[in-house]
>>> print(open('input-v8.pdb').read())   # PDB, C-alpha atoms and all ligand atoms
MODEL        1
ATOM      1  CA  MET A   1     -51.669  31.271  58.589
ATOM      2  CA  LYS A   2     -49.444  28.353  57.704
ATOM      3  CA  PHE A   3     -48.863  27.676  53.990
ATOM      4  CA  PRO A   4     -48.117  24.150  52.843
ATOM      5  CA  TYR A   5     -44.412  23.789  52.047
ATOM      6  CA  LYS A   6     -45.102  22.336  48.596
ATOM      7  CA  LEU A   7     -47.305  25.300  47.658
ATOM      8  CA  LEU A   8     -44.728  27.854  48.806
ATOM      9  CA  THR A   9     -41.963  26.159  46.827
ATOM     10  CA  ALA A  10     -44.163  25.937  43.748
ATOM     11  CA  LEU A  11     -45.037  29.640  43.988
ATOM     12  CA  ALA A  12     -41.382  30.574  44.366
ATOM     13  CA  VAL A  13     -40.329  28.546  41.313
ATOM     14  CA  ALA A  14     -43.266  29.806  39.260
ATOM     15  CA  SER A  15     -42.410  33.427  40.011
ATOM     16  CA  VAL A  16     -38.778  32.905  39.049
ATOM     17  CA  ALA A  17     -39.876  31.245  35.791
ATOM     18  CA  THR A  18     -42.359  33.984  34.894
ATOM     19  CA  LEU A  19     -40.323  36.991  35.996
ATOM     20  CA  GLY A  20     -37.384  35.651  34.078
ATOM     21  CA  HIS A  21     -34.853  36.406  36.857
ATOM     22  CA  ALA A  22     -32.950  33.326  36.001
ATOM     23  CA  ALA A  23     -33.534  30.761  33.368
ATOM     24  CA  TYR A  24     -34.652  27.427  34.709
ATOM     25  CA  PRO A  25     -32.785  25.189  35.352
ATOM     26  CA  GLU A  26     -29.962  26.964  37.110
ATOM     27  CA  LYS A  27     -28.311  23.839  38.474
ATOM     28  CA  ALA A  28     -28.183  20.072  37.975
ATOM     29  CA  ILE A  29     -31.434  18.122  37.967
ATOM     30  CA  THR A  30     -31.822  14.807  39.777
ATOM     31  CA  LEU A  31     -33.530  11.990  37.908
ATOM     32  CA  VAL A  32     -34.494   9.194  40.273
ATOM     33  CA  VAL A  33     -34.326   5.670  38.859
ATOM     34  CA  PRO A  34     -36.251   3.282  41.117
ATOM     35  CA  PHE A  35     -33.919   0.359  40.334
ATOM     36  CA  ALA A  36     -30.232  -0.527  40.623
ATOM     37  CA  ALA A  37     -27.549   1.016  38.421
ATOM     38  CA  GLY A  38     -26.624  -0.837  35.249
ATOM     39  CA  GLY A  39     -30.110  -2.282  34.660
ATOM     40  CA  PRO A  40     -32.570  -1.488  31.885
ATOM     41  CA  THR A  41     -34.372   1.439  33.536
ATOM     42  CA  ASP A  42     -31.035   2.907  34.550
ATOM     43  CA  LYS A  43     -29.700   2.550  30.998
ATOM     44  CA  VAL A  44     -32.691   4.391  29.531
ATOM     45  CA  ALA A  45     -32.348   7.131  32.175
ATOM     46  CA  ARG A  46     -28.627   7.670  31.604
ATOM     47  CA  ASP A  47     -29.039   7.804  27.840
ATOM     48  CA  LEU A  48     -32.047  10.082  28.107
ATOM     49  CA  GLY A  49     -30.346  12.310  30.691
ATOM     50  CA  GLU A  50     -27.588  13.104  28.222
ATOM     51  CA  VAL A  51     -29.971  14.206  25.450
ATOM     52  CA  LEU A  52     -32.349  16.030  27.799
ATOM     53  CA  ARG A  53     -29.565  18.467  28.659
ATOM     54  CA  LYS A  54     -29.968  20.194  25.313
ATOM     55  CA  GLY A  55     -33.376  21.464  26.382
ATOM     56  CA  LEU A  56     -32.261  22.247  29.936
ATOM     57  CA  ASN A  57     -29.603  24.952  29.560
ATOM     58  CA  ASN A  58     -27.067  22.162  29.264
ATOM     59  CA  GLN A  59     -27.427  21.427  32.978
ATOM     60  CA  THR A  60     -26.368  17.973  34.140
ATOM     61  CA  VAL A  61     -29.013  15.326  34.777
ATOM     62  CA  LEU A  62     -27.780  13.380  37.789
ATOM     63  CA  ILE A  63     -29.052   9.821  38.089
ATOM     64  CA  GLU A  64     -29.976   8.690  41.594
ATOM     65  CA  ASN A  65     -30.646   4.975  41.922
ATOM     66  CA  VAL A  66     -33.209   4.246  44.634
ATOM     67  CA  GLY A  67     -33.853   0.535  44.151
ATOM     68  CA  GLY A  68     -35.982  -1.790  46.262
ATOM     69  CA  ALA A  69     -39.572  -2.966  46.696
ATOM     70  CA  GLY A  70     -40.212  -3.267  42.973
ATOM     71  CA  GLY A  71     -39.591   0.412  42.248
ATOM     72  CA  THR A  72     -41.945   1.725  44.916
ATOM     73  CA  LEU A  73     -39.179   3.145  47.156
ATOM     74  CA  GLY A  74     -37.869   5.400  44.394
ATOM     75  CA  ALA A  75     -41.355   6.489  43.369
ATOM     76  CA  ALA A  76     -42.216   7.260  47.010
ATOM     77  CA  LYS A  77     -39.085   9.377  47.325
ATOM     78  CA  VAL A  78     -40.088  11.525  44.342
ATOM     79  CA  ALA A  79     -43.720  11.783  45.492
ATOM     80  CA  LYS A  80     -42.421  13.373  48.709
ATOM     81  CA  ALA A  81     -39.660  15.478  47.133
ATOM     82  CA  SER A  82     -39.791  19.244  46.914
ATOM     83  CA  PRO A  83     -41.685  20.279  43.748
ATOM     84  CA  ASP A  84     -38.982  22.786  42.882
ATOM     85  CA  GLY A  85     -38.240  21.482  39.401
ATOM     86  CA  TYR A  86     -35.034  19.739  40.395
ATOM     87  CA  THR A  87     -36.298  16.215  41.084
ATOM     88  CA  PHE A  88     -37.887  13.911  38.504
ATOM     89  CA  LEU A  89     -38.646  10.207  38.266
ATOM     90  CA  LEU A  90     -38.202   7.835  35.374
ATOM     91  CA  HIS A  91     -40.416   4.823  35.949
ATOM     92  CA  HIS A  92     -41.911   2.020  33.918
ATOM     93  CA  ILE A  93     -45.047  -0.132  33.937
ATOM     94  CA  GLY A  94     -44.515  -0.609  37.690
ATOM     95  CA  MET A  95     -46.186   2.769  38.112
ATOM     96  CA  ALA A  96     -49.416   1.044  37.002
ATOM     97  CA  THR A  97     -48.987  -2.379  38.636
ATOM     98  CA  ALA A  98     -47.956  -1.294  42.150
ATOM     99  CA  PRO A  99     -51.431  -0.040  43.194
ATOM    100  CA  ALA A 100     -52.836  -3.572  42.812
ATOM    101  CA  LEU A 101     -49.878  -5.186  44.580
ATOM    102  CA  TYR A 102     -49.283  -3.026  47.643
ATOM    103  CA  ARG A 103     -51.914  -2.724  50.325
ATOM    104  CA  ARG A 104     -50.185   0.342  51.741
ATOM    105  CA  LEU A 105     -48.552   2.041  48.801
ATOM    106  CA  PRO A 106     -47.065   5.255  50.242
ATOM    107  CA  TYR A 107     -48.247   7.390  47.284
ATOM    108  CA  LYS A 108     -51.203   7.759  44.959
ATOM    109  CA  VAL A 109     -50.073   7.320  41.373
ATOM    110  CA  LEU A 110     -52.673   9.595  39.801
ATOM    111  CA  GLU A 111     -52.641  12.252  42.538
ATOM    112  CA  ASP A 112     -49.089  12.627  43.824
ATOM    113  CA  PHE A 113     -47.228  13.268  40.565
ATOM    114  CA  GLU A 114     -47.160  15.657  37.658
ATOM    115  CA  PHE A 115     -47.068  13.625  34.438
ATOM    116  CA  VAL A 116     -44.378  14.953  32.109
ATOM    117  CA  GLY A 117     -44.618  12.563  29.136
ATOM    118  CA  MET A 118     -43.982   9.049  27.910
ATOM    119  CA  VAL A 119     -40.532   7.987  26.751
ATOM    120  CA  ASN A 120     -40.484   4.582  25.058
ATOM    121  CA  GLU A 121     -41.880   1.085  24.814
ATOM    122  CA  VAL A 122     -39.690  -1.916  25.524
ATOM    123  CA  PRO A 123     -40.455  -5.606  24.933
ATOM    124  CA  MET A 124     -39.299  -8.280  27.346
ATOM    125  CA  THR A 125     -37.431 -11.528  26.825
ATOM    126  CA  LEU A 126     -37.431 -14.812  28.692
ATOM    127  CA  ILE A 127     -33.825 -15.755  29.367
ATOM    128  CA  GLY A 128     -31.992 -18.490  31.269
ATOM    129  CA  ARG A 129     -28.656 -19.155  32.927
ATOM    130  CA  PRO A 130     -25.966 -20.302  30.485
ATOM    131  CA  SER A 131     -25.698 -23.755  32.134
ATOM    132  CA  LEU A 132     -29.423 -24.494  31.755
ATOM    133  CA  PRO A 133     -29.866 -27.812  29.898
ATOM    134  CA  ALA A 134     -32.405 -26.345  27.429
ATOM    135  CA  ASN A 135     -31.630 -24.647  24.151
ATOM    136  CA  ASN A 136     -35.040 -23.479  22.999
ATOM    137  CA  TYR A 137     -38.436 -22.647  24.441
ATOM    138  CA  GLY A 138     -39.815 -26.189  23.985
ATOM    139  CA  GLU A 139     -36.879 -27.714  25.853
ATOM    140  CA  LEU A 140     -37.198 -25.055  28.543
ATOM    141  CA  VAL A 141     -40.838 -25.957  29.219
ATOM    142  CA  LYS A 142     -39.890 -29.647  29.529
ATOM    143  CA  TRP A 143     -37.115 -28.706  31.947
ATOM    144  CA  LEU A 144     -39.499 -26.514  33.977
ATOM    145  CA  GLU A 145     -42.065 -29.360  34.135
ATOM    146  CA  ALA A 146     -39.390 -31.796  35.284
ATOM    147  CA  ASN A 147     -38.021 -29.416  37.917
ATOM    148  CA  LYS A 148     -41.207 -28.173  39.589
ATOM    149  CA  GLY A 149     -40.479 -26.958  43.098
ATOM    150  CA  LYS A 150     -36.811 -26.327  42.338
ATOM    151  CA  ILE A 151     -36.985 -23.433  39.865
ATOM    152  CA  ASN A 152     -35.562 -20.047  40.832
ATOM    153  CA  LEU A 153     -37.051 -17.104  38.953
ATOM    154  CA  ALA A 154     -35.198 -13.801  39.406
ATOM    155  CA  ASN A 155     -37.019 -10.483  39.459
ATOM    156  CA  ALA A 156     -36.652  -6.893  40.626
ATOM    157  CA  GLY A 157     -39.261  -7.187  43.373
ATOM    158  CA  LEU A 158     -43.026  -7.050  43.626
ATOM    159  CA  GLY A 159     -44.190  -4.427  41.138
ATOM    160  CA  ALA A 160     -41.237  -4.694  38.776
ATOM    161  CA  ALA A 161     -41.735  -5.462  35.105
ATOM    162  CA  SER A 162     -39.820  -8.704  35.610
ATOM    163  CA  HIS A 163     -42.265  -9.561  38.385
ATOM    164  CA  LEU A 164     -45.310  -8.954  36.174
ATOM    165  CA  CYS A 165     -43.871 -10.939  33.274
ATOM    166  CA  GLY A 166     -42.812 -13.795  35.591
ATOM    167  CA  LEU A 167     -46.197 -13.795  37.286
ATOM    168  CA  LEU A 168     -48.029 -14.132  33.959
ATOM    169  CA  LEU A 169     -45.598 -16.832  32.880
ATOM    170  CA  GLN A 170     -46.240 -18.903  36.019
ATOM    171  CA  GLN A 171     -49.992 -18.438  35.611
ATOM    172  CA  SER A 172     -49.931 -19.408  31.932
ATOM    173  CA  LEU A 173     -47.682 -22.434  32.426
ATOM    174  CA  LYS A 174     -49.350 -23.385  35.720
ATOM    175  CA  ILE A 175     -45.938 -23.868  37.259
ATOM    176  CA  ASP A 176     -45.071 -22.184  40.558
ATOM    177  CA  MET A 177     -41.536 -20.930  40.873
ATOM    178  CA  THR A 178     -39.508 -19.548  43.750
ATOM    179  CA  THR A 179     -39.049 -15.861  43.044
ATOM    180  CA  VAL A 180     -35.751 -14.289  44.049
ATOM    181  CA  PRO A 181     -36.109 -10.480  44.318
ATOM    182  CA  TYR A 182     -33.276  -8.021  43.650
ATOM    183  CA  LYS A 183     -33.061  -4.214  43.714
ATOM    184  CA  GLY A 184     -33.046  -4.254  39.949
ATOM    185  CA  THR A 185     -32.332  -6.678  37.153
ATOM    186  CA  ALA A 186     -28.661  -5.606  36.891
ATOM    187  CA  PRO A 187     -27.741  -7.551  40.062
ATOM    188  CA  ALA A 188     -30.219 -10.277  39.021
ATOM    189  CA  MET A 189     -28.404 -10.604  35.696
ATOM    190  CA  THR A 190     -25.079 -11.034  37.525
ATOM    191  CA  ASP A 191     -26.539 -13.959  39.468
ATOM    192  CA  LEU A 192     -28.140 -15.426  36.342
ATOM    193  CA  LEU A 193     -24.774 -15.321  34.577
ATOM    194  CA  GLY A 194     -23.236 -16.991  37.613
ATOM    195  CA  GLY A 195     -25.913 -19.705  37.654
ATOM    196  CA  GLN A 196     -27.345 -18.788  41.092
ATOM    197  CA  VAL A 197     -30.816 -18.337  39.572
ATOM    198  CA  ASP A 198     -32.384 -20.193  36.635
ATOM    199  CA  ILE A 199     -34.549 -17.891  34.573
ATOM    200  CA  MET A 200     -35.715 -14.288  34.311
ATOM    201  CA  CYS A 201     -37.997 -12.135  32.215
ATOM    202  CA  ASP A 202     -36.306  -8.821  31.509
ATOM    203  CA  GLN A 203     -36.366  -5.857  29.176
ATOM    204  CA  THR A 204     -34.522  -6.168  25.890
ATOM    205  CA  THR A 205     -32.573  -3.042  26.875
ATOM    206  CA  ASN A 206     -30.754  -5.296  29.364
ATOM    207  CA  THR A 207     -30.840  -8.676  27.677
ATOM    208  CA  THR A 208     -29.974  -7.888  24.041
ATOM    209  CA  PRO A 209     -26.185  -7.592  24.537
ATOM    210  CA  GLN A 210     -26.105 -10.712  26.727
ATOM    211  CA  ILE A 211     -28.140 -12.786  24.245
ATOM    212  CA  ALA A 212     -26.068 -11.466  21.312
ATOM    213  CA  ALA A 213     -22.842 -12.443  23.077
ATOM    214  CA  GLY A 214     -24.232 -15.897  23.926
ATOM    215  CA  LYS A 215     -23.744 -15.225  27.645
ATOM    216  CA  VAL A 216     -27.356 -16.081  28.545
ATOM    217  CA  LYS A 217     -29.883 -18.311  26.814
ATOM    218  CA  GLY A 218     -32.671 -16.418  25.061
ATOM    219  CA  PHE A 219     -35.909 -18.423  24.848
ATOM    220  CA  ALA A 220     -38.761 -16.156  23.789
ATOM    221  CA  VAL A 221     -40.096 -12.612  23.505
ATOM    222  CA  SER A 222     -43.085 -11.280  25.435
ATOM    223  CA  THR A 223     -44.765  -9.372  22.609
ATOM    224  CA  LEU A 224     -47.310 -10.623  20.053
ATOM    225  CA  LYS A 225     -44.969  -9.920  17.146
ATOM    226  CA  PRO A 226     -41.390 -11.228  16.829
ATOM    227  CA  LEU A 227     -38.706  -8.542  17.107
ATOM    228  CA  SER A 228     -36.567  -7.225  14.300
ATOM    229  CA  THR A 229     -33.470  -6.396  16.374
ATOM    230  CA  PRO A 230     -30.854  -8.759  14.845
ATOM    231  CA  ALA A 231     -29.866 -10.461  18.123
ATOM    232  CA  LEU A 232     -33.512 -11.124  19.010
ATOM    233  CA  ALA A 233     -34.997 -11.860  15.582
ATOM    234  CA  GLY A 234     -34.742 -15.637  16.017
ATOM    235  CA  LEU A 235     -36.679 -15.741  19.287
ATOM    236  CA  PRO A 236     -40.292 -16.981  19.080
ATOM    237  CA  THR A 237     -43.131 -15.128  20.778
ATOM    238  CA  LEU A 238     -44.656 -16.773  23.850
ATOM    239  CA  ASP A 239     -48.006 -16.332  22.110
ATOM    240  CA  SER A 240     -46.870 -18.557  19.234
ATOM    241  CA  GLN A 241     -45.529 -21.160  21.675
ATOM    242  CA  GLY A 242     -48.864 -22.025  23.227
ATOM    243  CA  LEU A 243     -49.277 -19.114  25.661
ATOM    244  CA  LYS A 244     -52.059 -17.535  23.589
ATOM    245  CA  GLY A 245     -52.465 -13.829  24.130
ATOM    246  CA  PHE A 246     -49.256 -13.426  26.158
ATOM    247  CA  ASN A 247     -48.347  -9.806  25.496
ATOM    248  CA  VAL A 248     -46.249  -7.659  27.811
ATOM    249  CA  SER A 249     -44.582  -4.573  26.459
ATOM    250  CA  ILE A 250     -43.367  -2.193  29.077
ATOM    251  CA  TRP A 251     -43.109   1.568  28.795
ATOM    252  CA  HIS A 252     -41.263   4.356  30.553
ATOM    253  CA  GLY A 253     -42.556   7.767  31.568
ATOM    254  CA  LEU A 254     -41.221  10.901  33.246
ATOM    255  CA  TYR A 255     -42.805  12.304  36.428
ATOM    256  CA  ALA A 256     -42.310  15.221  38.800
ATOM    257  CA  PRO A 257     -43.604  15.675  42.343
ATOM    258  CA  LYS A 258     -47.156  17.037  42.477
ATOM    259  CA  GLY A 259     -47.101  20.828  42.643
ATOM    260  CA  THR A 260     -44.124  21.275  40.323
ATOM    261  CA  PRO A 261     -44.942  24.506  38.435
ATOM    262  CA  LYS A 262     -46.543  24.096  35.031
ATOM    263  CA  ALA A 263     -43.794  26.211  33.428
ATOM    264  CA  VAL A 264     -41.222  23.682  34.641
ATOM    265  CA  VAL A 265     -43.258  20.651  33.526
ATOM    266  CA  ASP A 266     -43.745  22.300  30.124
ATOM    267  CA  GLN A 267     -40.037  22.967  29.775
ATOM    268  CA  MET A 268     -39.169  19.385  30.712
ATOM    269  CA  ASN A 269     -41.800  18.157  28.263
ATOM    270  CA  ALA A 270     -40.239  20.316  25.526
ATOM    271  CA  ALA A 271     -36.780  18.958  26.404
ATOM    272  CA  LEU A 272     -38.214  15.419  26.237
ATOM    273  CA  ARG A 273     -39.777  16.038  22.813
ATOM    274  CA  MET A 274     -36.429  17.282  21.564
ATOM    275  CA  ALA A 275     -34.571  14.328  23.092
ATOM    276  CA  LEU A 276     -36.895  11.790  21.484
ATOM    277  CA  LYS A 277     -36.140  13.257  18.061
ATOM    278  CA  ASP A 278     -32.395  12.898  18.524
ATOM    279  CA  PRO A 279     -31.266  10.450  15.802
ATOM    280  CA  GLU A 280     -28.440   9.014  17.944
ATOM    281  CA  PHE A 281     -30.778   8.407  20.889
ATOM    282  CA  ILE A 282     -33.348   6.749  18.603
ATOM    283  CA  LYS A 283     -30.634   4.559  17.079
ATOM    284  CA  ARG A 284     -29.303   3.458  20.456
ATOM    285  CA  GLN A 285     -32.803   2.650  21.708
ATOM    286  CA  GLU A 286     -33.665   0.665  18.583
ATOM    287  CA  ALA A 287     -30.449  -1.338  18.796
ATOM    288  CA  LEU A 288     -31.696  -2.512  22.206
ATOM    289  CA  GLY A 289     -35.191  -3.350  20.986
ATOM    290  CA  ALA A 290     -36.869  -0.216  22.373
ATOM    291  CA  VAL A 291     -39.108   2.158  20.425
ATOM    292  CA  VAL A 292     -39.363   5.835  21.362
ATOM    293  CA  VAL A 293     -42.908   7.213  21.560
ATOM    294  CA  THR A 294     -44.304   9.629  19.026
ATOM    295  CA  ASP A 295     -45.631  13.145  19.556
ATOM    296  CA  ALA A 296     -49.267  12.562  20.617
ATOM    297  CA  ARG A 297     -48.275  10.243  23.476
ATOM    298  CA  LEU A 298     -45.759  12.780  24.692
ATOM    299  CA  ALA A 299     -48.401  15.155  25.991
ATOM    300  CA  PRO A 300     -48.665  15.080  29.821
ATOM    301  CA  ALA A 301     -52.454  14.582  29.631
ATOM    302  CA  GLU A 302     -52.061  11.625  27.252
ATOM    303  CA  HIS A 303     -49.398  10.155  29.508
ATOM    304  CA  LYS A 304     -51.730  10.342  32.506
ATOM    305  CA  LYS A 305     -54.634   8.847  30.528
ATOM    306  CA  PHE A 306     -52.424   5.975  29.419
ATOM    307  CA  VAL A 307     -51.229   5.201  32.962
ATOM    308  CA  GLU A 308     -54.833   5.274  34.165
ATOM    309  CA  ALA A 309     -55.773   2.749  31.466
ATOM    310  CA  GLU A 310     -52.799   0.550  32.382
ATOM    311  CA  ILE A 311     -53.875   0.524  36.053
ATOM    312  CA  GLU A 312     -57.317  -0.681  34.890
ATOM    313  CA  LYS A 313     -55.777  -3.215  32.539
ATOM    314  CA  TRP A 314     -53.334  -4.932  34.894
ATOM    315  CA  GLY A 315     -55.117  -4.560  38.241
ATOM    316  CA  PRO A 316     -57.601  -7.439  37.818
ATOM    317  CA  ALA A 317     -54.975  -9.932  36.543
ATOM    318  CA  ILE A 318     -52.653  -9.094  39.430
ATOM    319  CA  LYS A 319     -55.417  -9.282  42.016
ATOM    320  CA  ALA A 320     -56.514 -12.638  40.580
ATOM    321  CA  ALA A 321     -53.001 -13.949  41.185
ATOM    322  CA  GLY A 322     -53.471 -13.102  44.860
ATOM    323  CA  GLN A 323     -50.041 -11.573  45.411
ATOM    324  CA  TYR A 324     -49.876  -8.697  47.833
ATOM    325  CA  ALA A 325     -47.369  -6.812  49.928
ATOM    326  CA  ASP A 326     -47.947  -4.370  52.744
TER     327      ASP A 326
HETATM  328  N1  LIG A 401     -35.941  -4.606  34.639
HETATM  329  C1  LIG A 401     -36.311  -4.291  35.970
HETATM  330  C2  LIG A 401     -37.744  -4.680  36.188
HETATM  331  O1  LIG A 401     -37.947  -5.828  36.216
HETATM  332  C3  LIG A 401     -36.009  -2.977  36.492
HETATM  333  C4  LIG A 401     -34.595  -2.532  36.335
HETATM  334  O2  LIG A 401     -33.689  -3.055  36.973
HETATM  335  O3  LIG A 401     -34.432  -1.605  35.595
HETATM  336  O4  LIG A 401     -38.628  -3.905  36.388
ENDMDL
END
>>> encode(input="input-v8.pdb", output="structure tokens", more="lines below")
Ligand code: ASP
Amino acid sequence: MKFPYKLLTALAVASVATLGHAAYPEKAITLVVPFAAGGPTDKVARDLGEVLRKGLNNQTVLIENVGGAGGTLGAAKVAKASPDGYTFLLHHIGMATAPALYRRLPYKVLEDFEFVGMVNEVPMTLIGRPSLPANNYGELVKWLEANKGKINLANAGLGAASHLCGLLLQQSLKIDMTTVPYKGTAPAMTDLLGGQVDIMCDQTTNTTPQIAAGKVKGFAVSTLKPLSTPALAGLPTLDSQGLKGFNVSIWHGLYAPKGTPKAVVDQMNAALRMALKDPEFIKRQEALGAVVVTDARLAPAEHKKFVEAEIEKWGPAIKAAGQYAD
């Protein structure tokens, strides 16, 4: 009789964990980031990786950037990885938007992963290249109206948070833009700074330092309430600027390949709970506009329920926009 590989690996890890032969983890853990290095998801992962170590026998958390196709390549890699407790995924809202965008998504979000817990919530900002002849949201809209057909909107591919935010922006403004996809918003930011693209919607974890330094133009925030982070406090909400109801706040969660032993998921969840109480981590996240989640949302079952609700929430809007990829 042939046993499935995933089941055999899971049994082996479970027996090690329960017999106590060796304390898990015995070696470095890989955390896959489905976007380029230096971007907002990567920054959260690297910061988190450092604090997670405390709950993981001080083992190193290695970051592997697998960017492309709006985060779906990295997620697919983890869905197919060995469930041996040494591969995890940090992903954002793209986990919930991809099912509506990809006709042939190579994984099933609710079936191919173990949900470990939520990490944080991050607002988004609408920013522009420094040479853009608009200094506030009102002037930006006039410029967009006057430049229809010539506007380049950067994003991190179909399924990225920047894609979702940009999609809603185009729908709300009724202005079509040429989207320029990157493997993450780190390389997109480089091109925005260089003036190769005009505007982008991106997480505050990436845009706060650039807005604070005056390197990019900050026009608005994507949440219903203005933000209190000093560099972003002056930015109006899109909702208050005529785009009634515009509200995109993205979130990050931790995942393991389906079949990862419960003992391992529980230990990672415990390490995550500890990490999210670390005052330095909380301070660093808040300085970039992010808010770490509180205890109830950290439970794997709550995490899964939330992602399920997000799939329901965003699916219809995305389908209505008629954007698909194979
Ligand atoms: N901010 C990117 C996005 O639009 C992802 C990244 O590069 O971290 O989803």
>>> resolve_selection(input="input-v8.pdb", expression="the PyMOL selection byres (((chain A and resi 43) around 12) and not hetatm)", output="MDAnalysis selection string")
chainID A and resid 33 35:42 44:50 63 65 90 184:186 203:207 252 281 284:285 288 290
>>> axis_aligned_box(input="input-v8.pdb", around="ligand LIG 401 (chain A)", padding_each_side="8 Å", output="AutoDock Vina command-line options")
--center_x -36.2 --center_y -3.7 --center_z 35.8 --size_x 20.9 --size_y 20.2 --size_z 18.3
>>> closest_residue(input="input-v8.pdb", among="A:Cys201, A:Ala98, A:Met118, A:Ile127", to="A:Leu168", atoms="all atoms listed in the file")
A:Cys201
>>> residues_around(input="input-v8.pdb", residues="A:Val32", least_positions_apart="5", cutoff="10 Å", atoms="all atoms listed in the file", output="PyMOL selection string")
chain A and resi 42+45+61-67+74-75+77-78+87-91+254-256
>>> resolve_selection(input="input-v8.pdb", expression="the PyMOL selection byres (((chain A and resi 132-146) around 9) and not hetatm)", output="PyMOL selection string")
chain A and resi 126+128-131+147-148+150-151+173+175+195+198-199+217-220+235-236+238+241
>>> closest_residue(input="input-v8.pdb", among="A:Ile250, A:Ala212, A:Leu31, A:Ala287", to="A:Tyr86", atoms="all atoms listed in the file")
A:Leu31
>>> closest_residue(input="input-v8.pdb", among="A:Pro106, A:Gly94, A:Gly85, A:Gly245", to="ligand LIG 401 (chain A)", atoms="all atoms listed in the file")
A:Gly94
>>> residues_around(input="input-v8.pdb", residues="A:His303", least_positions_apart="5", cutoff="10 Å", atoms="all atoms listed in the file", output="MDAnalysis selection string")
chainID A and resid 115:119 253:255 296:298 308:309
>>> write_last_selection(input="input-v8.pdb", atoms="C-alpha atoms", output="mmCIF file, keeping the file's coordinate frame")
data_model
loop_
_atom_site.group_PDB
_atom_site.id
_atom_site.type_symbol
_atom_site.label_atom_id
_atom_site.label_comp_id
_atom_site.auth_asym_id
_atom_site.auth_seq_id
_atom_site.Cartn_x
_atom_site.Cartn_y
_atom_site.Cartn_z
ATOM 1 C CA PHE A 115 -47.068 13.625 34.438
ATOM 2 C CA VAL A 116 -44.378 14.953 32.109
ATOM 3 C CA GLY A 117 -44.618 12.563 29.136
ATOM 4 C CA MET A 118 -43.982 9.049 27.910
ATOM 5 C CA VAL A 119 -40.532 7.987 26.751
ATOM 6 C CA GLY A 253 -42.556 7.767 31.568
ATOM 7 C CA LEU A 254 -41.221 10.901 33.246
ATOM 8 C CA TYR A 255 -42.805 12.304 36.428
ATOM 9 C CA ALA A 296 -49.267 12.562 20.617
ATOM 10 C CA ARG A 297 -48.275 10.243 23.476
ATOM 11 C CA LEU A 298 -45.759 12.780 24.692
ATOM 12 C CA GLU A 308 -54.833 5.274 34.165
ATOM 13 C CA ALA A 309 -55.773 2.749 31.466
#
>>> closest_residue(input="input-v8.pdb", among="A:Gly242, A:Pro83, A:Gly159, A:Gly55", to="ligand LIG 401 (chain A)", atoms="all atoms listed in the file")
A:Gly159
>>> atom_distance(input="input-v8.pdb", atom1="atom CA of A:Asn120", atom2="atom CA of A:Ala320")
28.2 Å
>>> resolve_selection(input="input-v8.pdb", expression="the PyMOL selection byres (((chain A and resi 322) around 12) and not hetatm)", output="MDAnalysis selection string")
chainID A and resid 100:103 167 171 315:321 323:325
>>> atom_distance(input="input-v8.pdb", atom1="atom CA of A:Thr229", atom2="atom CA of A:Glu280")
16.3 Å
>>> atom_distance(input="input-v8.pdb", atom1="atom CA of A:Gln170", atom2="atom CA of A:Lys225")
20.9 Å
>>> residues_around(input="input-v8.pdb", residues="A:His163", least_positions_apart="4", cutoff="10 Å", atoms="all atoms listed in the file", output="list in words")
Gly70, Gly94, Thr97, Leu153, Ala154, Asn155, Ala156, Gly157, Leu158, Gly159, Leu167, Leu168, Leu169, Thr179, Val180, Pro181, Met200, Cys201 and Asp202 of chain A
>>> build_atoms(input="input-v8.pdb", residues="stretch 118-124 of chain A", atoms="N, CA, C and O atoms", output="PDB file, in the frame of the given file")
ATOM      1  N   MET A 118     -44.464  10.424  28.094  1.00  0.00           N
ATOM      2  CA  MET A 118     -43.982   9.049  27.910  1.00  0.00           C
ATOM      3  C   MET A 118     -42.630   9.083  27.206  1.00  0.00           C
ATOM      4  O   MET A 118     -42.316  10.054  26.508  1.00  0.00           O
ATOM      5  N   VAL A 119     -41.869   8.032  27.352  1.00  0.00           N
ATOM      6  CA  VAL A 119     -40.532   7.987  26.751  1.00  0.00           C
ATOM      7  C   VAL A 119     -40.432   6.910  25.661  1.00  0.00           C
ATOM      8  O   VAL A 119     -40.152   7.210  24.505  1.00  0.00           O
ATOM      9  N   ASN A 120     -40.652   5.673  26.044  1.00  0.00           N
ATOM     10  CA  ASN A 120     -40.484   4.582  25.058  1.00  0.00           C
ATOM     11  C   ASN A 120     -41.293   3.356  25.436  1.00  0.00           C
ATOM     12  O   ASN A 120     -41.902   3.314  26.512  1.00  0.00           O
ATOM     13  N   GLU A 121     -41.291   2.397  24.538  1.00  0.00           N
ATOM     14  CA  GLU A 121     -41.880   1.085  24.814  1.00  0.00           C
ATOM     15  C   GLU A 121     -40.780   0.059  24.645  1.00  0.00           C
ATOM     16  O   GLU A 121     -39.972   0.160  23.721  1.00  0.00           O
ATOM     17  N   VAL A 122     -40.760  -0.915  25.544  1.00  0.00           N
ATOM     18  CA  VAL A 122     -39.690  -1.916  25.524  1.00  0.00           C
ATOM     19  C   VAL A 122     -40.276  -3.324  25.693  1.00  0.00           C
ATOM     20  O   VAL A 122     -40.966  -3.578  26.679  1.00  0.00           O
ATOM     21  N   PRO A 123     -39.996  -4.221  24.759  1.00  0.00           N
ATOM     22  CA  PRO A 123     -40.455  -5.606  24.933  1.00  0.00           C
ATOM     23  C   PRO A 123     -39.617  -6.320  25.992  1.00  0.00           C
ATOM     24  O   PRO A 123     -38.577  -5.802  26.416  1.00  0.00           O
ATOM     25  N   MET A 124     -40.066  -7.498  26.371  1.00  0.00           N
ATOM     26  CA  MET A 124     -39.299  -8.280  27.346  1.00  0.00           C
ATOM     27  C   MET A 124     -38.899  -9.614  26.716  1.00  0.00           C
ATOM     28  O   MET A 124     -39.493 -10.044  25.729  1.00  0.00           O
TER      29      MET A 124
END
